[in-house]
Amino acid sequence: MAKTILVTGATGTVGRDVVKLLSKKGAVVRASVRDQAKARPRFDDDIALATFDFENEGSFAGALNGVAKVFLLPPLLQNQVELTNTFVDAAKRAGVHHIVKLSAIGVDGQTQFTVGKAHAANEKHIRESGLAFTFLRPNSFMQNFITYFPPRNGAIYLPWGNGTASFVETRDIASVAAEVLTSDGHEGKIYTLTGPAALGIAEVAQILSEAAGREFKYVDVPEDAARDGMLQAGVPKWQVEALMELHAINKQNRWSAVTADIEKVTDTGPTDFAQFARDHAEKFRAS
């Protein structure tokens, strides 16, 4: 009998595409969601749904029943380490034998930023669990320019100075995850996923301008102003400080390297930012 693959974070930007790609590959996939009635319209009828919440340990057993592999997308919560590690323990008890974890670029023994420390702690726990694992460490998402810092009033506002990053398309991340979950030889591997080039925000603004047919500019926001703006918008203080650490890292060009890991796994090169911009041009025209 075919073994089930559980996808956590299935309604999110990455998870939703992982579910779709696994289904296309013929895998038996189960999408974990908080509310099945609300989530059902987002998925094809042949996709099984499981009620699941990282903050409700009682939901783990049902979601994990009969599951062989898990795509693990940790929750963006202050107690991420505790919740994710508890889930990993439950997965081992349930008979899961391979976890493919979405981690973050820069996670290693020298990790010094809050988000990275949490992912590093989760990675360590998975290693020590004895389960087979694959860690996917993506750079900043191209989709962040749609979800987290889209152009507003003709400008992108970020405290990045002249910093650059090798932004990665989330659909490429999903492609890697789906391939790893349905083929052999990826156990114990770590893949750092990047786009094909490092870009500064001024370059991003120019590319988006060309795709949308309207002008965008980059406004380099002072760090104190960026922090105060998020706090005034109601973003929790712990999250603001974690985001400011990430902004500072990008301002320092620490994540501008380009890897070949996407092509290594999928045999297809990563999507460039211009293609991403063209694919989402309507969203940017309306921003």
# chains A, B, ... in the order shown; residues from 1 in each chain; ligands from 1
$ residues_around --residues "Thr194 of chain A" --least-positions-apart "4" --cutoff "7 Å" --atoms "only C-alpha atoms" --output "number ranges by chain"
A: 138-139, 166-168, 258-259
$ residues_around --residues "Glu263 of chain A" --least-positions-apart "3" --cutoff "12 Å" --atoms "only C-alpha atoms" --output "PyMOL selection string"
chain A and resi 172-173+175-176+179+191-196+258-260+266-271
$ residues_around --residues "Asp45 of chain A" --least-positions-apart "4" --cutoff "12 Å" --atoms "only C-alpha atoms" --output "PyMOL selection string"
chain A and resi 20+23+29-31+39-41+49
$ residues_around --residues "Gly58 of chain A" --least-positions-apart "5" --cutoff "12 Å" --atoms "only C-alpha atoms" --output "list in words"
Thr51, Phe52, Asp53, Ala63, Leu64, Thr86, Phe87 and Ala90 of chain A
$ residues_around --residues "Ala226 of chain A" --least-positions-apart "3" --cutoff "9 Å" --atoms "only C-alpha atoms" --output "NGL selection string"
:A and (157-159 or 221-223 or 229-231 or 244)
$ write_last_selection --atoms "N, CA, C and O atoms" --output "short mmCIF file (atom, residue, chain, number, x, y, z; two decimals), in the first residue's frame"
data_model
loop_
_atom_site.label_atom_id
_atom_site.label_comp_id
_atom_site.auth_asym_id
_atom_site.auth_seq_id
_atom_site.Cartn_x
_atom_site.Cartn_y
_atom_site.Cartn_z
N TYR A 157 9.80 50.08 0.47
CA TYR A 157 10.42 50.65 1.67
C TYR A 157 11.09 49.53 2.47
O TYR A 157 10.43 48.65 3.01
N LEU A 158 12.42 49.57 2.53
CA LEU A 158 13.17 48.57 3.29
C LEU A 158 14.45 49.19 3.84
O LEU A 158 15.05 50.06 3.19
N PRO A 159 14.92 48.72 5.00
CA PRO A 159 16.17 49.24 5.58
C PRO A 159 17.39 48.41 5.16
O PRO A 159 18.16 47.95 5.99
N VAL A 221 14.95 52.91 4.14
CA VAL A 221 14.36 53.41 5.39
C VAL A 221 15.38 53.30 6.53
O VAL A 221 16.01 52.25 6.69
N PRO A 222 15.55 54.33 7.34
CA PRO A 222 16.41 54.21 8.53
C PRO A 222 15.92 53.08 9.43
O PRO A 222 14.70 52.86 9.55
N GLU A 223 16.84 52.36 10.04
CA GLU A 223 16.46 51.19 10.82
C GLU A 223 15.50 51.52 11.96
O GLU A 223 14.54 50.78 12.22
N GLY A 229 7.85 51.69 12.74
CA GLY A 229 6.71 51.49 11.86
C GLY A 229 6.04 50.15 12.09
O GLY A 229 4.80 50.06 12.12
N MET A 230 6.84 49.11 12.25
CA MET A 230 6.27 47.78 12.49
C MET A 230 5.59 47.71 13.85
O MET A 230 4.51 47.12 13.99
N LEU A 231 6.21 48.31 14.86
CA LEU A 231 5.60 48.30 16.19
C LEU A 231 4.28 49.05 16.19
O LEU A 231 3.28 48.59 16.76
N MET A 244 14.19 42.68 12.13
CA MET A 244 15.26 43.66 12.01
C MET A 244 16.62 42.98 11.93
O MET A 244 17.52 43.47 11.23
#
$ atom_distance --atom1 "atom CA of Val204 of chain A" --atom2 "atom CA of Ala248 of chain A"
17.9 Å
$ select_by_dssp --residues "segment 77-163 of chain A" --states "helix (DSSP H, G or I)" --output "ChimeraX atom specification"
/A:80-94,114-129,144-147
$ residues_around --residues "Phe216 of chain A" --least-positions-apart "5" --cutoff "6 Å" --atoms "only C-alpha atoms" --output "number ranges by chain"
A: 154-155, 205, 209
$ residues_around --residues "Lys101 of chain A" --least-positions-apart "6" --cutoff "7 Å" --atoms "only C-alpha atoms" --output "CSV table (one decimal) with C-alpha atoms, in the first residue's frame"
chain,number,residue,atom,x,y,z
A,71,PHE,CA,7.1,18.0,4.8
A,72,LEU,CA,7.8,20.1,8.0
A,73,LEU,CA,7.2,23.8,7.8
A,134,THR,CA,16.6,16.5,4.5
A,135,PHE,CA,17.0,20.2,5.3
A,136,LEU,CA,16.0,22.8,2.8
$ select_by_dssp --residues "segment 82-270 of chain A" --states "strand (DSSP E or B)" --output "ChimeraX atom specification"
/A:98-102,132-138,141,152,155-158,164-165,168,189-193,199-200,217-220
$ write_last_selection --atoms "N, CA and C atoms" --output "CSV table (one decimal), in the first residue's frame"
chain,number,residue,atom,x,y,z
A,98,HIS,N,11.0,9.7,7.5
A,98,HIS,CA,11.8,10.8,6.8
A,98,HIS,C,11.1,12.1,6.9
A,99,ILE,N,11.8,13.1,7.4
A,99,ILE,CA,11.3,14.4,7.6
A,99,ILE,C,12.1,15.4,6.6
A,100,VAL,N,11.3,16.1,5.8
A,100,VAL,CA,11.9,17.1,4.9
A,100,VAL,C,11.5,18.4,5.5
A,101,LYS,N,12.5,19.1,6.1
A,101,LYS,CA,12.2,20.3,6.9
A,101,LYS,C,12.6,21.6,6.1
A,102,LEU,N,11.6,22.5,6.1
A,102,LEU,CA,11.9,23.8,5.5
A,102,LEU,C,12.6,24.6,6.6
A,132,ALA,N,15.4,9.8,9.4
A,132,ALA,CA,16.1,10.3,8.1
A,132,ALA,C,15.6,11.7,7.9
A,133,PHE,N,16.5,12.6,7.4
A,133,PHE,CA,16.1,14.0,7.2
A,133,PHE,C,16.7,14.6,6.0
A,134,THR,N,16.1,15.6,5.5
A,134,THR,CA,16.6,16.5,4.5
A,134,THR,C,16.3,17.9,4.9
A,135,PHE,N,17.2,18.8,4.9
A,135,PHE,CA,17.0,20.2,5.3
A,135,PHE,C,17.1,21.1,4.1
A,136,LEU,N,16.0,21.8,3.8
A,136,LEU,CA,16.0,22.8,2.8
A,136,LEU,C,16.2,24.2,3.4
A,137,ARG,N,17.2,24.9,2.9
A,137,ARG,CA,17.5,26.2,3.5
A,137,ARG,C,17.4,27.3,2.4
A,138,PRO,N,16.2,27.8,2.2
A,138,PRO,CA,16.0,28.8,1.2
A,138,PRO,C,16.5,30.2,1.6
A,141,PHE,N,12.4,34.9,0.1
A,141,PHE,CA,11.5,34.6,-1.0
A,141,PHE,C,11.2,35.8,-1.9
A,152,ARG,N,4.4,50.2,-2.1
A,152,ARG,CA,3.3,51.0,-1.7
A,152,ARG,C,3.5,52.5,-2.2
A,155,ALA,N,6.6,52.8,-4.3
A,155,ALA,CA,8.0,52.6,-3.7
A,155,ALA,C,8.0,51.3,-2.9
A,156,ILE,N,9.2,50.8,-2.8
A,156,ILE,CA,9.5,49.7,-1.9
A,156,ILE,C,10.3,50.2,-0.7
A,157,TYR,N,9.8,50.1,0.5
A,157,TYR,CA,10.4,50.6,1.7
A,157,TYR,C,11.1,49.5,2.5
A,158,LEU,N,12.4,49.6,2.5
A,158,LEU,CA,13.2,48.6,3.3
A,158,LEU,C,14.5,49.2,3.8
A,164,THR,N,22.4,43.2,-0.9
A,164,THR,CA,21.8,42.3,-2.0
A,164,THR,C,21.5,41.0,-1.4
A,165,ALA,N,20.6,40.2,-2.1
A,165,ALA,CA,20.3,38.9,-1.7
A,165,ALA,C,19.9,38.1,-3.0
A,168,VAL,N,14.8,33.8,-3.9
A,168,VAL,CA,14.4,32.5,-4.5
A,168,VAL,C,12.9,32.4,-4.7
A,189,LYS,N,20.9,15.0,3.5
A,189,LYS,CA,21.4,16.1,2.7
A,189,LYS,C,20.8,17.4,3.1
A,190,ILE,N,21.6,18.5,2.9
A,190,ILE,CA,21.2,19.9,3.1
A,190,ILE,C,21.3,20.6,1.8
A,191,TYR,N,20.2,21.3,1.4
A,191,TYR,CA,20.2,22.0,0.2
A,191,TYR,C,19.9,23.5,0.5
A,192,THR,N,20.9,24.4,0.1
A,192,THR,CA,20.7,25.8,0.2
A,192,THR,C,20.1,26.3,-1.1
A,193,LEU,N,18.9,26.9,-1.0
A,193,LEU,CA,18.2,27.2,-2.2
A,193,LEU,C,18.2,28.7,-2.5
A,199,LEU,N,20.5,40.4,-6.0
A,199,LEU,CA,19.9,41.7,-6.4
A,199,LEU,C,19.8,42.6,-5.2
A,200,GLY,N,20.0,43.9,-5.5
A,200,GLY,CA,19.7,44.9,-4.5
A,200,GLY,C,18.3,45.4,-4.7
A,217,LYS,N,10.3,52.9,-7.1
A,217,LYS,CA,11.6,53.3,-6.6
A,217,LYS,C,11.8,52.6,-5.3
A,218,TYR,N,13.1,52.6,-4.9
A,218,TYR,CA,13.5,52.1,-3.6
A,218,TYR,C,13.8,53.2,-2.6
A,219,VAL,N,13.1,53.1,-1.5
A,219,VAL,CA,13.4,54.0,-0.4
A,219,VAL,C,14.1,53.3,0.7
A,220,ASP,N,15.3,53.7,1.0
A,220,ASP,CA,16.1,53.1,2.0
A,220,ASP,C,15.7,53.7,3.4
$ atom_distance --atom1 "atom CA of Gln110 of chain A" --atom2 "atom CA of Ser256 of chain A"
17.6 Å
$ closest_residue --among "A:Gln78, A:Glu57, A:Asp279, A:Ser183" --to "Val240 of chain A" --atoms "only C-alpha atoms"
A:Gln78
$ closest_residue --among "A:Glu210, A:Gly106, A:Asp228, A:His186" --to "Asn250 of chain A" --atoms "only C-alpha atoms"
A:Gly106
$ atom_distance --atom1 "atom CA of Ala104 of chain A" --atom2 "atom CA of His119 of chain A"
7.0 Å
